[in-house]
Amino acid sequence: MTEGRYALKVAKDNHEKTFVLKDNFTIGRDEEMDLYIEDTSVSGQHAAIYITGNEVIVEDFGSTNGTFVNGKRVQKKHELRNKDSVAFGNFKCTFVDTKVQQIKKYITVCSSVGHTKEHNIKIAITDKKLSLEEITKAQTSSEATEKNDFKIIPVCPSCVYSPGYINANVLKNIFSTRIFVTPLSRRVREISLLFQRENIVVQKLTMRLNHSKFYAKKLIMFALIVPLVCFLLDGVAFKTQGLSFITALILSVIHGLGGFTVVGILAGIVLTIFGLIMNARSQVIDLYYKELEFEL
């Protein structure tokens, strides 16, 4: 039953007036129209609204000043959605579907990275905020196919994604998914997730990318290589004659500290300490939250 379900609401002088729609609901400046608008910007037979099942269509009758939905002129016909802004000439109103309910969901996102540049981004859409343990244990849901579902689209310049987008289902108690992102540049620090419904972005979440574990591996690798190289250099006799002042000074300092081997061991210890610090930083996983209002 669609009787009384759809309406046009007009706000004027701090008062709101509601016009309940029926099938073939006509709008215009002629007095016999279902919605009579006494406004010179409105044509005599300006437009009509048709109701077919769950679809509501507005049709412009070639009016002089046009029919607009959310600021865009209707060329011929246009399907209306709840809370669409509709204008007939200068006469403005709001289309309302009284059976639409607003539900609130929480988007919880965390990101982890292994010893490669690939980031594993876990996304959960639930009725409540999740802890790190809860989102980690959440099993990946199958992609949604329902009409009211929306897409999760990663946006990050100089990145490779897998997959490029995901169809999410907000009707479940918990919808969980993951996206793998590989930055192609060390300068990439952030990634945005767009939550898009019917080509309209309804929410955006921006999070930072943690490269610490990847660089921790590099530092620890250098911590092993540097002492070995310095040990080999200790067996090479360097002549200070003909060398620049800076080079000669560096060699003198190295020999003063006990030779290349000692300096290499000290450098290895320092690099190891920094590597362990960065590895510890990579274990800190930030959680990101957003609230999302969705229409059922």
# chains A, B, ... in the order shown; residues from 1 in each chain; ligands from 1
call {"tool": "select_by_dssp", "arguments": {"residues": "region 84-199 of chain A", "states": "strand (DSSP E or B)", "output": "PyMOL selection string"}}
result
chain A and resi 85-88+91-97+102-113+119-126+150-155+159-162+166-168+174-183+190-197
call {"tool": "residues_around", "arguments": {"residues": "Lys76 (chain A)", "least_positions_apart": "2", "cutoff": "9 Å", "atoms": "only C-alpha atoms", "output": "list in words"}}
result
Val58, Glu59, Asp60, Phe61, Gly62, Val74 and His78 of chain A
call {"tool": "atom_distance", "arguments": {"atom1": "CA of Gly256 (chain A)", "atom2": "CA of Ile220 (chain A)"}}
result
26.3 Å
call {"tool": "closest_residue", "arguments": {"among": "A:Val229, A:Val20, A:Val188, A:Leu130", "to": "Thr94 (chain A)", "atoms": "only C-alpha atoms"}}
result
A:Val20
call {"tool": "closest_residue", "arguments": {"among": "A:Lys77, A:Arg187, A:Arg5, A:Arg178", "to": "Lys22 (chain A)", "atoms": "only C-alpha atoms"}}
result
A:Arg5
call {"tool": "residues_around", "arguments": {"residues": "Val226 (chain A)", "least_positions_apart": "3", "cutoff": "10 Å", "atoms": "only C-alpha atoms", "output": "JSON, numbers by chain"}}
result
{"A": [221, 222, 223, 229, 230, 231, 260, 261, 263, 264, 265, 266, 267, 268, 271]}
call {"tool": "closest_atom_pairs", "arguments": {"of": "region 81-194 of chain A", "to": "region 42-55 of chain A", "cutoff": "12 Å", "atoms": "only C-alpha atoms", "output": "JSON lines"}}
result
{"residue": "A:Arg81", "atom": "CA", "partner": "A:Glu55", "partner_atom": "CA", "distance": 8.8}
{"residue": "A:Asn82", "atom": "CA", "partner": "A:Glu55", "partner_atom": "CA", "distance": 11.1}
{"residue": "A:Val86", "atom": "CA", "partner": "A:Ala47", "partner_atom": "CA", "distance": 11.4}
{"residue": "A:Ala87", "atom": "CA", "partner": "A:Val42", "partner_atom": "CA", "distance": 9.7}
{"residue": "A:Phe88", "atom": "CA", "partner": "A:Val42", "partner_atom": "CA", "distance": 6.2}
{"residue": "A:Gly89", "atom": "CA", "partner": "A:Val42", "partner_atom": "CA", "distance": 5.2}
{"residue": "A:Asn90", "atom": "CA", "partner": "A:Val42", "partner_atom": "CA", "distance": 7.3}
{"residue": "A:Phe91", "atom": "CA", "partner": "A:Val42", "partner_atom": "CA", "distance": 7.5}
{"residue": "A:Lys92", "atom": "CA", "partner": "A:Val42", "partner_atom": "CA", "distance": 10.9}
{"residue": "A:Phe95", "atom": "CA", "partner": "A:Ile49", "partner_atom": "CA", "distance": 10.7}
{"residue": "A:Asp97", "atom": "CA", "partner": "A:Asn54", "partner_atom": "CA", "distance": 10.0}
{"residue": "A:Lys99", "atom": "CA", "partner": "A:Asn54", "partner_atom": "CA", "distance": 10.8}
{"residue": "A:Val100", "atom": "CA", "partner": "A:Asn54", "partner_atom": "CA", "distance": 11.5}
call {"tool": "residues_around", "arguments": {"residues": "Thr177 (chain A)", "least_positions_apart": "6", "cutoff": "8 Å", "atoms": "only C-alpha atoms", "output": "list in words"}}
result
Lys122, Ile123, Ala124, Gln139, Thr140 and Ser141 of chain A
call {"tool": "select_by_dssp", "arguments": {"residues": "region 46-235 of chain A", "states": "helix (DSSP H, G or I)", "output": "list in words"}}
result
Leu132, Glu133, Glu134, Ile135, Thr136, Lys137, Ser212, Lys213, Phe214, Tyr215, Ala216, Lys217, Lys218, Leu219, Ile220, Met221, Phe222, Ala223, Leu224, Ile225, Val226, Pro227, Leu228, Val229, Cys230, Phe231, Leu232, Leu233 and Asp234 of chain A
call {"tool": "atom_distance", "arguments": {"atom1": "CA of Ser111 (chain A)", "atom2": "CA of Val201 (chain A)"}}
result
22.0 Å
call {"tool": "decode", "arguments": {"residues": "region 89-105 of chain A", "atoms": "N, CA, C and O atoms", "output": "PDB file, in the first residue's frame"}}
result
ATOM      1  N   GLY A  89       9.729  25.774 -10.956  1.00  0.00           N
ATOM      2  CA  GLY A  89      10.017  27.203 -11.096  1.00  0.00           C
ATOM      3  C   GLY A  89      10.691  27.694  -9.830  1.00  0.00           C
ATOM      4  O   GLY A  89      11.709  27.138  -9.394  1.00  0.00           O
ATOM      5  N   ASN A  90      10.123  28.737  -9.199  1.00  0.00           N
ATOM      6  CA  ASN A  90      10.659  29.252  -7.937  1.00  0.00           C
ATOM      7  C   ASN A  90      10.003  28.636  -6.706  1.00  0.00           C
ATOM      8  O   ASN A  90      10.366  28.961  -5.571  1.00  0.00           O
ATOM      9  N   PHE A  91       9.038  27.757  -6.934  1.00  0.00           N
ATOM     10  CA  PHE A  91       8.320  27.127  -5.828  1.00  0.00           C
ATOM     11  C   PHE A  91       9.107  25.905  -5.355  1.00  0.00           C
ATOM     12  O   PHE A  91       9.292  24.943  -6.107  1.00  0.00           O
ATOM     13  N   LYS A  92       9.573  25.956  -4.104  1.00  0.00           N
ATOM     14  CA  LYS A  92      10.431  24.902  -3.578  1.00  0.00           C
ATOM     15  C   LYS A  92       9.710  24.058  -2.538  1.00  0.00           C
ATOM     16  O   LYS A  92       8.932  24.568  -1.738  1.00  0.00           O
ATOM     17  N   CYS A  93       9.988  22.760  -2.554  1.00  0.00           N
ATOM     18  CA  CYS A  93       9.409  21.840  -1.578  1.00  0.00           C
ATOM     19  C   CYS A  93      10.351  20.657  -1.395  1.00  0.00           C
ATOM     20  O   CYS A  93      11.381  20.538  -2.078  1.00  0.00           O
ATOM     21  N   THR A  94      10.005  19.770  -0.478  1.00  0.00           N
ATOM     22  CA  THR A  94      10.820  18.593  -0.182  1.00  0.00           C
ATOM     23  C   THR A  94       9.970  17.340  -0.334  1.00  0.00           C
ATOM     24  O   THR A  94       8.855  17.264   0.200  1.00  0.00           O
ATOM     25  N   PHE A  95      10.505  16.368  -1.076  1.00  0.00           N
ATOM     26  CA  PHE A  95       9.816  15.088  -1.236  1.00  0.00           C
ATOM     27  C   PHE A  95      10.114  14.208  -0.033  1.00  0.00           C
ATOM     28  O   PHE A  95      11.266  14.082   0.404  1.00  0.00           O
ATOM     29  N   VAL A  96       9.067  13.576   0.524  1.00  0.00           N
ATOM     30  CA  VAL A  96       9.226  12.768   1.734  1.00  0.00           C
ATOM     31  C   VAL A  96       8.586  11.401   1.534  1.00  0.00           C
ATOM     32  O   VAL A  96       7.461  11.296   1.035  1.00  0.00           O
ATOM     33  N   ASP A  97       9.338  10.370   1.908  1.00  0.00           N
ATOM     34  CA  ASP A  97       8.814   9.007   1.976  1.00  0.00           C
ATOM     35  C   ASP A  97       8.638   8.684   3.454  1.00  0.00           C
ATOM     36  O   ASP A  97       9.614   8.492   4.178  1.00  0.00           O
ATOM     37  N   THR A  98       7.414   8.615   3.914  1.00  0.00           N
ATOM     38  CA  THR A  98       7.156   8.484   5.354  1.00  0.00           C
ATOM     39  C   THR A  98       7.545   7.123   5.907  1.00  0.00           C
ATOM     40  O   THR A  98       7.658   6.959   7.126  1.00  0.00           O
ATOM     41  N   LYS A  99       7.775   6.130   5.030  1.00  0.00           N
ATOM     42  CA  LYS A  99       8.159   4.809   5.513  1.00  0.00           C
ATOM     43  C   LYS A  99       9.672   4.642   5.653  1.00  0.00           C
ATOM     44  O   LYS A  99      10.138   3.617   6.144  1.00  0.00           O
ATOM     45  N   VAL A 100      10.412   5.654   5.219  1.00  0.00           N
ATOM     46  CA  VAL A 100      11.867   5.585   5.342  1.00  0.00           C
ATOM     47  C   VAL A 100      12.259   5.850   6.788  1.00  0.00           C
ATOM     48  O   VAL A 100      11.797   6.800   7.413  1.00  0.00           O
ATOM     49  N   GLN A 101      13.124   4.990   7.324  1.00  0.00           N
ATOM     50  CA  GLN A 101      13.621   5.153   8.678  1.00  0.00           C
ATOM     51  C   GLN A 101      15.116   5.419   8.654  1.00  0.00           C
ATOM     52  O   GLN A 101      15.839   4.860   7.834  1.00  0.00           O
ATOM     53  N   GLN A 102      15.549   6.277   9.551  1.00  0.00           N
ATOM     54  CA  GLN A 102      16.974   6.564   9.678  1.00  0.00           C
ATOM     55  C   GLN A 102      17.590   5.592  10.678  1.00  0.00           C
ATOM     56  O   GLN A 102      17.099   5.438  11.787  1.00  0.00           O
ATOM     57  N   ILE A 103      18.639   4.907  10.276  1.00  0.00           N
ATOM     58  CA  ILE A 103      19.360   4.052  11.202  1.00  0.00           C
ATOM     59  C   ILE A 103      20.789   4.570  11.343  1.00  0.00           C
ATOM     60  O   ILE A 103      21.335   5.163  10.419  1.00  0.00           O
ATOM     61  N   LYS A 104      21.357   4.363  12.498  1.00  0.00           N
ATOM     62  CA  LYS A 104      22.709   4.834  12.768  1.00  0.00           C
ATOM     63  C   LYS A 104      23.636   3.632  12.867  1.00  0.00           C
ATOM     64  O   LYS A 104      23.357   2.661  13.574  1.00  0.00           O
ATOM     65  N   LYS A 105      24.735   3.711  12.132  1.00  0.00           N
ATOM     66  CA  LYS A 105      25.743   2.659  12.158  1.00  0.00           C
ATOM     67  C   LYS A 105      27.102   3.267  12.513  1.00  0.00           C
ATOM     68  O   LYS A 105      27.329   4.466  12.339  1.00  0.00           O
TER      69      LYS A 105
END
